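Peer 1: Please find one structure pasted underneath; my questions will follow.
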Amino acid sequence: MKMKKKKLSILLVLMLVMTIFTILEINIFHENGWAKGGQVMNNGSEKFFAAAVKNLNITVIYDNNPYIEGLSTAWGFSCLIRGTEKTILFDTGGNGTILLANMERLGIDPGKIDIVVLSHIHGDHVGGLEKLLEKNKNVTIYLPGSFPNRFKDGLKSAGIKITEVQGFTKICEDVYSTGELGTWIKEQSLIIHTDKGIILITGCSHPGIVKIITKATELIRDDVLFVMGGFHLAGIGKSELGEILRSFRKLKVKHVAPCHCSGDLARQMFKKEFHNNYINVGVGRVIQFK
Ligand SMILES: [Zn+2]
Ligand SMILES: [Zn+2]
């Protein structure tokens, strides 16, 4: 009888400890609300994630596709995100002179940029940085941690603030980096979380566009409102592209804007598949979200 009582009290203590742990765990989820090691910790509360981003707009400053006459096209990609807590330049194109000239024609003041996010090390995405920094040294640069030391040290010695991104990272309110993805060429993509879903911006999509979207939906459990940028699909055959389109459908991507290194055939096929939800993007295009 005595033994039974002892066993029962041990069991009760154990249960109490487990309950306390569970409560603590829930509190941690709500405090951070974000992924640890690439896994979403908060599975329940959508409300917790879904903050509205009002009057958000994205302007394409640099692309090899034309859109507005009088702006220069060149191989590479760059776009400006306004309406979020910070003004963010995503990539800098290949040539700083073209970048700054397009900015001027679009009425964009480089001095108003708070943050520069560099997707990956290729020259058509980081080439314009030096000239931009001549105009504005007060930016904080978010770059993949795997960037060469020479690149990072050069910035640091010039007094530029840098943040080395490895895993999923919050950049400012509602804006996140997917973290470095891929193996050979590591790349980060930008996530803006709006009350209508995820906006995903990619540089060259070297890790694979479908993999990047999948990762974004794992990190932020919400619908994919819009995917824009280089999809890296040039030279890919029709049947493989068809497979990729099916993946986009499976992932329930609502709007698409493939540009830069997406390739003409892919752009045509996306247009056919998405109709009005295909957004033709080139230099000077402004996409508004309300
Ligand atoms: Zn690249
Ligand atoms: Zn590229």
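Following the order of the structure tokens, first chain is A, next is B, and so on, with residues numbered from 1 inside each chain and ligands from 1 in the order they appear.
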May I have all residues of region 55-208 of chain A that DSSP, computed from the backbone, assigns to helix (DSSP H, G or I), given as a ChimeraX atom specification?
Peer 2: /A:96-105,110-112,123-126,129-135,149-157
Peer 1: Let's have the selection written as an mmCIF file, in the first residue's frame, with N, CA and C atoms.
Peer 2:
```cif
data_model
loop_
_atom_site.group_PDB
_atom_site.id
_atom_site.type_symbol
_atom_site.label_atom_id
_atom_site.label_comp_id
_atom_site.auth_asym_id
_atom_site.auth_seq_id
_atom_site.Cartn_x
_atom_site.Cartn_y
_atom_site.Cartn_z
ATOM 1 N N GLY A 96 26.982 50.155 -61.362
ATOM 2 C CA GLY A 96 26.548 51.231 -60.477
ATOM 3 C C GLY A 96 26.104 52.482 -61.202
ATOM 4 N N THR A 97 26.756 52.771 -62.338
ATOM 5 C CA THR A 97 26.390 53.969 -63.092
ATOM 6 C C THR A 97 24.970 53.839 -63.627
ATOM 7 N N ILE A 98 24.650 52.656 -64.153
ATOM 8 C CA ILE A 98 23.286 52.404 -64.665
ATOM 9 C C ILE A 98 22.289 52.430 -63.515
ATOM 10 N N LEU A 99 22.660 51.818 -62.405
ATOM 11 C CA LEU A 99 21.770 51.777 -61.231
ATOM 12 C C LEU A 99 21.394 53.188 -60.786
ATOM 13 N N LEU A 100 22.418 54.036 -60.627
ATOM 14 C CA LEU A 100 22.168 55.397 -60.138
ATOM 15 C C LEU A 100 21.404 56.232 -61.164
ATOM 16 N N ALA A 101 21.729 56.033 -62.465
ATOM 17 C CA ALA A 101 21.031 56.781 -63.516
ATOM 18 C C ALA A 101 19.551 56.410 -63.534
ATOM 19 N N ASN A 102 19.249 55.108 -63.429
ATOM 20 C CA ASN A 102 17.845 54.674 -63.390
ATOM 21 C C ASN A 102 17.136 55.208 -62.158
ATOM 22 N N MET A 103 17.848 55.216 -61.036
ATOM 23 C CA MET A 103 17.262 55.764 -59.795
ATOM 24 C C MET A 103 16.902 57.227 -59.990
ATOM 25 N N GLU A 104 17.806 57.959 -60.592
ATOM 26 C CA GLU A 104 17.568 59.392 -60.781
ATOM 27 C C GLU A 104 16.343 59.607 -61.666
ATOM 28 N N ARG A 105 16.279 58.855 -62.765
ATOM 29 C CA ARG A 105 15.136 59.011 -63.677
ATOM 30 C C ARG A 105 13.830 58.589 -63.025
ATOM 31 N N PRO A 110 18.978 57.918 -53.421
ATOM 32 C CA PRO A 110 19.744 56.836 -52.779
ATOM 33 C C PRO A 110 19.946 57.083 -51.285
ATOM 34 N N GLY A 111 19.910 58.349 -50.891
ATOM 35 C CA GLY A 111 20.097 58.699 -49.476
ATOM 36 C C GLY A 111 18.961 58.226 -48.598
ATOM 37 N N LYS A 112 17.839 57.881 -49.212
ATOM 38 C CA LYS A 112 16.675 57.447 -48.418
ATOM 39 C C LYS A 112 16.659 55.935 -48.164
ATOM 40 N N GLY A 123 28.219 39.069 -59.814
ATOM 41 C CA GLY A 123 28.446 40.461 -60.183
ATOM 42 C C GLY A 123 27.204 41.196 -60.654
ATOM 43 N N ASP A 124 26.259 40.483 -61.276
ATOM 44 C CA ASP A 124 25.049 41.159 -61.772
ATOM 45 C C ASP A 124 24.066 41.505 -60.642
ATOM 46 N N HIS A 125 24.456 41.170 -59.399
ATOM 47 C CA HIS A 125 23.612 41.498 -58.236
ATOM 48 C C HIS A 125 24.331 42.389 -57.216
ATOM 49 N N VAL A 126 25.671 42.307 -57.213
ATOM 50 C CA VAL A 126 26.430 43.122 -56.242
ATOM 51 C C VAL A 126 27.257 44.221 -56.920
ATOM 52 N N LEU A 129 26.948 48.011 -56.018
ATOM 53 C CA LEU A 129 27.022 48.399 -54.601
ATOM 54 C C LEU A 129 27.992 49.556 -54.340
ATOM 55 N N GLU A 130 29.184 49.452 -54.942
ATOM 56 C CA GLU A 130 30.233 50.444 -54.652
ATOM 57 C C GLU A 130 29.754 51.863 -54.960
ATOM 58 N N LYS A 131 29.172 52.018 -56.138
ATOM 59 C CA LYS A 131 28.692 53.354 -56.545
ATOM 60 C C LYS A 131 27.545 53.826 -55.640
ATOM 61 N N LEU A 132 26.706 52.893 -55.220
ATOM 62 C CA LEU A 132 25.604 53.250 -54.328
ATOM 63 C C LEU A 132 26.141 53.763 -52.990
ATOM 64 N N LEU A 133 27.195 53.086 -52.490
ATOM 65 C CA LEU A 133 27.770 53.469 -51.197
ATOM 66 C C LEU A 133 28.441 54.838 -51.257
ATOM 67 N N GLU A 134 28.866 55.243 -52.459
ATOM 68 C CA GLU A 134 29.417 56.598 -52.615
ATOM 69 C C GLU A 134 28.330 57.646 -52.335
ATOM 70 N N LYS A 135 27.094 57.263 -52.589
ATOM 71 C CA LYS A 135 25.957 58.177 -52.369
ATOM 72 C C LYS A 135 25.368 58.053 -50.967
ATOM 73 N N ASN A 149 35.614 36.669 -47.326
ATOM 74 C CA ASN A 149 36.068 37.595 -46.292
ATOM 75 C C ASN A 149 36.533 38.919 -46.880
ATOM 76 N N ARG A 150 37.159 38.826 -48.050
ATOM 77 C CA ARG A 150 37.669 40.051 -48.682
ATOM 78 C C ARG A 150 36.544 41.056 -48.910
ATOM 79 N N PHE A 151 35.410 40.544 -49.355
ATOM 80 C CA PHE A 151 34.242 41.384 -49.621
ATOM 81 C C PHE A 151 33.735 42.017 -48.319
ATOM 82 N N LYS A 152 33.599 41.174 -47.304
ATOM 83 C CA LYS A 152 33.053 41.637 -46.013
ATOM 84 C C LYS A 152 34.023 42.605 -45.336
ATOM 85 N N ASP A 153 35.336 42.279 -45.364
ATOM 86 C CA ASP A 153 36.337 43.132 -44.707
ATOM 87 C C ASP A 153 36.427 44.492 -45.388
ATOM 88 N N GLY A 154 36.282 44.479 -46.717
ATOM 89 C CA GLY A 154 36.317 45.734 -47.470
ATOM 90 C C GLY A 154 35.215 46.678 -46.998
ATOM 91 N N LEU A 155 34.040 46.136 -46.794
ATOM 92 C CA LEU A 155 32.909 46.949 -46.336
ATOM 93 C C LEU A 155 33.134 47.439 -44.909
ATOM 94 N N LYS A 156 33.581 46.497 -44.060
ATOM 95 C CA LYS A 156 33.801 46.858 -42.648
ATOM 96 C C LYS A 156 34.846 47.961 -42.539
ATOM 97 N N SER A 157 35.936 47.843 -43.283
ATOM 98 C CA SER A 157 36.998 48.851 -43.156
ATOM 99 C C SER A 157 36.553 50.199 -43.721
#
```
Peer 1: Please identify every residue of chain A that has at least one atom no farther than 10 Å from an atom of ligand 2, counting only C-alpha atoms and all ligand atoms, and for each give the shortest atom pair and the distance in Å to one decimal, arranged by chain then increasing number, as a tab-separated table.
Peer 2:
```
residue	atom	partner	partner_atom_place_in_ligand_line	distance
A:Asp63	CA	ligand 2	1 (Zn)	9.4
A:Asn64	CA	ligand 2	1 (Zn)	9.8
A:Trp75	CA	ligand 2	1 (Zn)	7.4
A:Gly76	CA	ligand 2	1 (Zn)	5.2
A:Phe77	CA	ligand 2	1 (Zn)	6.5
A:Ser78	CA	ligand 2	1 (Zn)	9.8
A:Asp91	CA	ligand 2	1 (Zn)	9.6
A:Gly93	CA	ligand 2	1 (Zn)	8.3
A:Gly94	CA	ligand 2	1 (Zn)	8.8
A:Ser119	CA	ligand 2	1 (Zn)	9.3
A:His120	CA	ligand 2	1 (Zn)	8.6
A:Ile121	CA	ligand 2	1 (Zn)	9.4
A:His122	CA	ligand 2	1 (Zn)	6.6
A:Gly123	CA	ligand 2	1 (Zn)	7.8
A:Asp124	CA	ligand 2	1 (Zn)	5.3
A:His125	CA	ligand 2	1 (Zn)	6.1
A:Val126	CA	ligand 2	1 (Zn)	9.6
A:Thr202	CA	ligand 2	1 (Zn)	9.6
A:Gly203	CA	ligand 2	1 (Zn)	6.2
A:Cys204	CA	ligand 2	1 (Zn)	4.6
A:Ser205	CA	ligand 2	1 (Zn)	8.3
A:His206	CA	ligand 2	1 (Zn)	8.8
A:Gly229	CA	ligand 2	1 (Zn)	9.4
A:Gly230	CA	ligand 2	1 (Zn)	6.7
A:Phe231	CA	ligand 2	1 (Zn)	9.2
A:His232	CA	ligand 2	1 (Zn)	7.9
A:Cys259	CA	ligand 2	1 (Zn)	10.0
A:His260	CA	ligand 2	1 (Zn)	6.7
A:Cys261	CA	ligand 2	1 (Zn)	6.0
A:Ser262	CA	ligand 2	1 (Zn)	9.4
```
Peer 1: Now that the selection is made, can you save its residues with N, CA and C atoms as a CSV table (one decimal), in the first residue's frame?
Peer 2:
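The resulting file, again-v7.csv, is shown below:
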```csv
chain,number,residue,atom,x,y,z
A,63,ASP,N,17.1,45.7,-64.5
A,63,ASP,CA,16.7,44.4,-65.1
A,63,ASP,C,17.1,44.4,-66.5
A,64,ASN,N,17.2,43.2,-67.1
A,64,ASN,CA,17.5,43.1,-68.5
A,64,ASN,C,16.3,43.2,-69.4
A,75,TRP,N,22.1,43.4,-67.9
A,75,TRP,CA,22.0,42.1,-67.2
A,75,TRP,C,22.2,42.3,-65.7
A,76,GLY,N,21.2,41.9,-65.0
A,76,GLY,CA,21.2,42.0,-63.5
A,76,GLY,C,19.9,42.3,-63.0
A,77,PHE,N,19.8,42.5,-61.7
A,77,PHE,CA,18.6,42.8,-61.0
A,77,PHE,C,18.7,43.7,-59.8
A,78,SER,N,17.8,44.5,-59.6
A,78,SER,CA,17.7,45.4,-58.4
A,78,SER,C,16.3,45.9,-58.3
A,91,ASP,N,19.4,43.8,-53.9
A,91,ASP,CA,20.4,43.7,-55.0
A,91,ASP,C,20.7,45.0,-55.6
A,93,GLY,N,22.1,45.3,-59.0
A,93,GLY,CA,22.4,45.2,-60.5
A,93,GLY,C,23.9,45.1,-60.7
A,94,GLY,N,24.3,45.1,-62.0
A,94,GLY,CA,25.7,44.8,-62.3
A,94,GLY,C,26.6,46.0,-62.4
A,119,SER,N,21.4,39.3,-52.5
A,119,SER,CA,21.0,37.9,-52.6
A,119,SER,C,22.1,36.9,-52.7
A,120,HIS,N,23.1,37.2,-53.6
A,120,HIS,CA,24.2,36.3,-53.7
A,120,HIS,C,25.4,37.1,-54.4
A,121,ILE,N,26.5,36.4,-54.4
A,121,ILE,CA,27.8,37.1,-54.7
A,121,ILE,C,27.9,37.4,-56.2
A,122,HIS,N,27.1,37.0,-57.1
A,122,HIS,CA,27.3,37.2,-58.5
A,122,HIS,C,27.3,38.7,-58.9
A,123,GLY,N,28.2,39.1,-59.8
A,123,GLY,CA,28.4,40.5,-60.2
A,123,GLY,C,27.2,41.2,-60.7
A,124,ASP,N,26.3,40.5,-61.3
A,124,ASP,CA,25.0,41.2,-61.8
A,124,ASP,C,24.1,41.5,-60.6
A,125,HIS,N,24.5,41.2,-59.4
A,125,HIS,CA,23.6,41.5,-58.2
A,125,HIS,C,24.3,42.4,-57.2
A,126,VAL,N,25.7,42.3,-57.2
A,126,VAL,CA,26.4,43.1,-56.2
A,126,VAL,C,27.3,44.2,-56.9
A,202,THR,N,13.2,37.2,-55.3
A,202,THR,CA,14.4,36.3,-55.5
A,202,THR,C,15.4,37.1,-56.4
A,203,GLY,N,16.7,36.8,-56.2
A,203,GLY,CA,17.7,37.4,-57.1
A,203,GLY,C,17.9,36.6,-58.3
A,204,CYS,N,18.5,35.4,-58.2
A,204,CYS,CA,18.8,34.5,-59.3
A,204,CYS,C,18.2,33.1,-59.1
A,205,SER,N,17.7,32.9,-57.9
A,205,SER,CA,17.1,31.5,-57.6
A,205,SER,C,18.0,30.4,-57.9
A,206,HIS,N,19.3,30.5,-57.6
A,206,HIS,CA,20.2,29.4,-57.8
A,206,HIS,C,19.9,28.2,-57.0
A,229,GLY,N,11.2,38.1,-59.4
A,229,GLY,CA,12.6,38.1,-59.5
A,229,GLY,C,13.1,37.2,-60.5
A,230,GLY,N,14.4,36.9,-60.5
A,230,GLY,CA,15.0,35.9,-61.4
A,230,GLY,C,14.6,34.5,-60.9
A,231,PHE,N,14.1,33.7,-61.8
A,231,PHE,CA,13.7,32.4,-61.5
A,231,PHE,C,14.7,31.3,-62.0
A,232,HIS,N,15.7,31.8,-62.7
A,232,HIS,CA,16.8,31.0,-63.2
A,232,HIS,C,16.3,29.8,-64.1
A,259,CYS,N,11.4,37.7,-63.9
A,259,CYS,CA,12.2,38.6,-64.7
A,259,CYS,C,13.6,38.1,-64.7
A,260,HIS,N,14.5,39.1,-65.0
A,260,HIS,CA,16.0,38.8,-65.0
A,260,HIS,C,16.4,37.5,-65.7
A,261,CYS,N,16.8,36.5,-64.9
A,261,CYS,CA,17.3,35.2,-65.6
A,261,CYS,C,16.2,34.2,-65.7
A,262,SER,N,15.0,34.6,-65.8
A,262,SER,CA,13.9,33.6,-65.9
A,262,SER,C,13.8,33.0,-67.3
```
Peer 1: Work out how far apart CA of Lys54 (chain A) and CA of Thr84 (chain A) are and give it in Å to one decimal.
Peer 2: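 Distance reported for this atom pair: 8.0 Å.
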Peer 1: Residues at most 12 Å from Gly182 (chain A), counting only C-alpha atoms, excluding those fewer than 6 positions away in the same chain, as a VMD selection string?
Peer 2: chain A and resid 119 to 120 144 146 166 to 167 188 to 189 204 to 209 211 to 212 215
Peer 1: Mind checking which residues fall within 12 Å of Glu85 (chain A), counting only C-alpha atoms, ignoring those fewer than 6 positions away in the same chain, and posting them as JSON, numbers by chain?
Peer 2: {"A": [51, 52, 53, 54, 55, 56, 113, 114, 115, 170, 171, 172, 173, 174, 175, 176, 192]}
Peer 1: According to DSSP computed on the backbone, where in region 120-254 of chain A is there strand (DSSP E)? Give the residues as a ChimeraX atom specification.
Peer 2: /A:140-144,161-165,169-172,175-177,190-194,197-202,224-230
Peer 1: With distances taken over only C-alpha atoms, which residue among A:Asn65, A:Ser9, A:Asn57, A:Thr169 lies nearest Arg267 (chain A)?
Peer 2: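 Once distances to Arg267 (chain A) are computed over only C-alpha atoms, the minimum belongs to A:Asn65.
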Peer 1: Which one is closest to ligand 1: A:Val224, A:Ile162, A:Val139, A:Leu233? Count only C-alpha atoms and all ligand atoms.
Peer 2: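 The closest residue to ligand 1 is A:Leu233.
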Peer 1: Go through A:Leu225, A:Ile185, A:Val60, A:Ile213 and flag the residue nearest ligand 1, using only C-alpha atoms and all ligand atoms for the distances.
Peer 2: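 The shortest atom-to-atom distance to ligand 1 comes from A:Ile185.
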Peer 1: Using only C-alpha atoms for the distances, tell me which of A:Val283, A:Leu118, A:Ile244, A:Ile198 is nearest to Val227 (chain A).
Peer 2: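 Nearest candidate to Val227 (chain A) out of A:Val283, A:Leu118, A:Ile244, A:Ile198: A:Ile198.
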Peer 1: Using only C-alpha atoms and all ligand atoms, which of the listed residues (A:Lys186, A:Lys137, A:His275, A:Arg285) sits closest to ligand 1?
Peer 2: A:Lys186
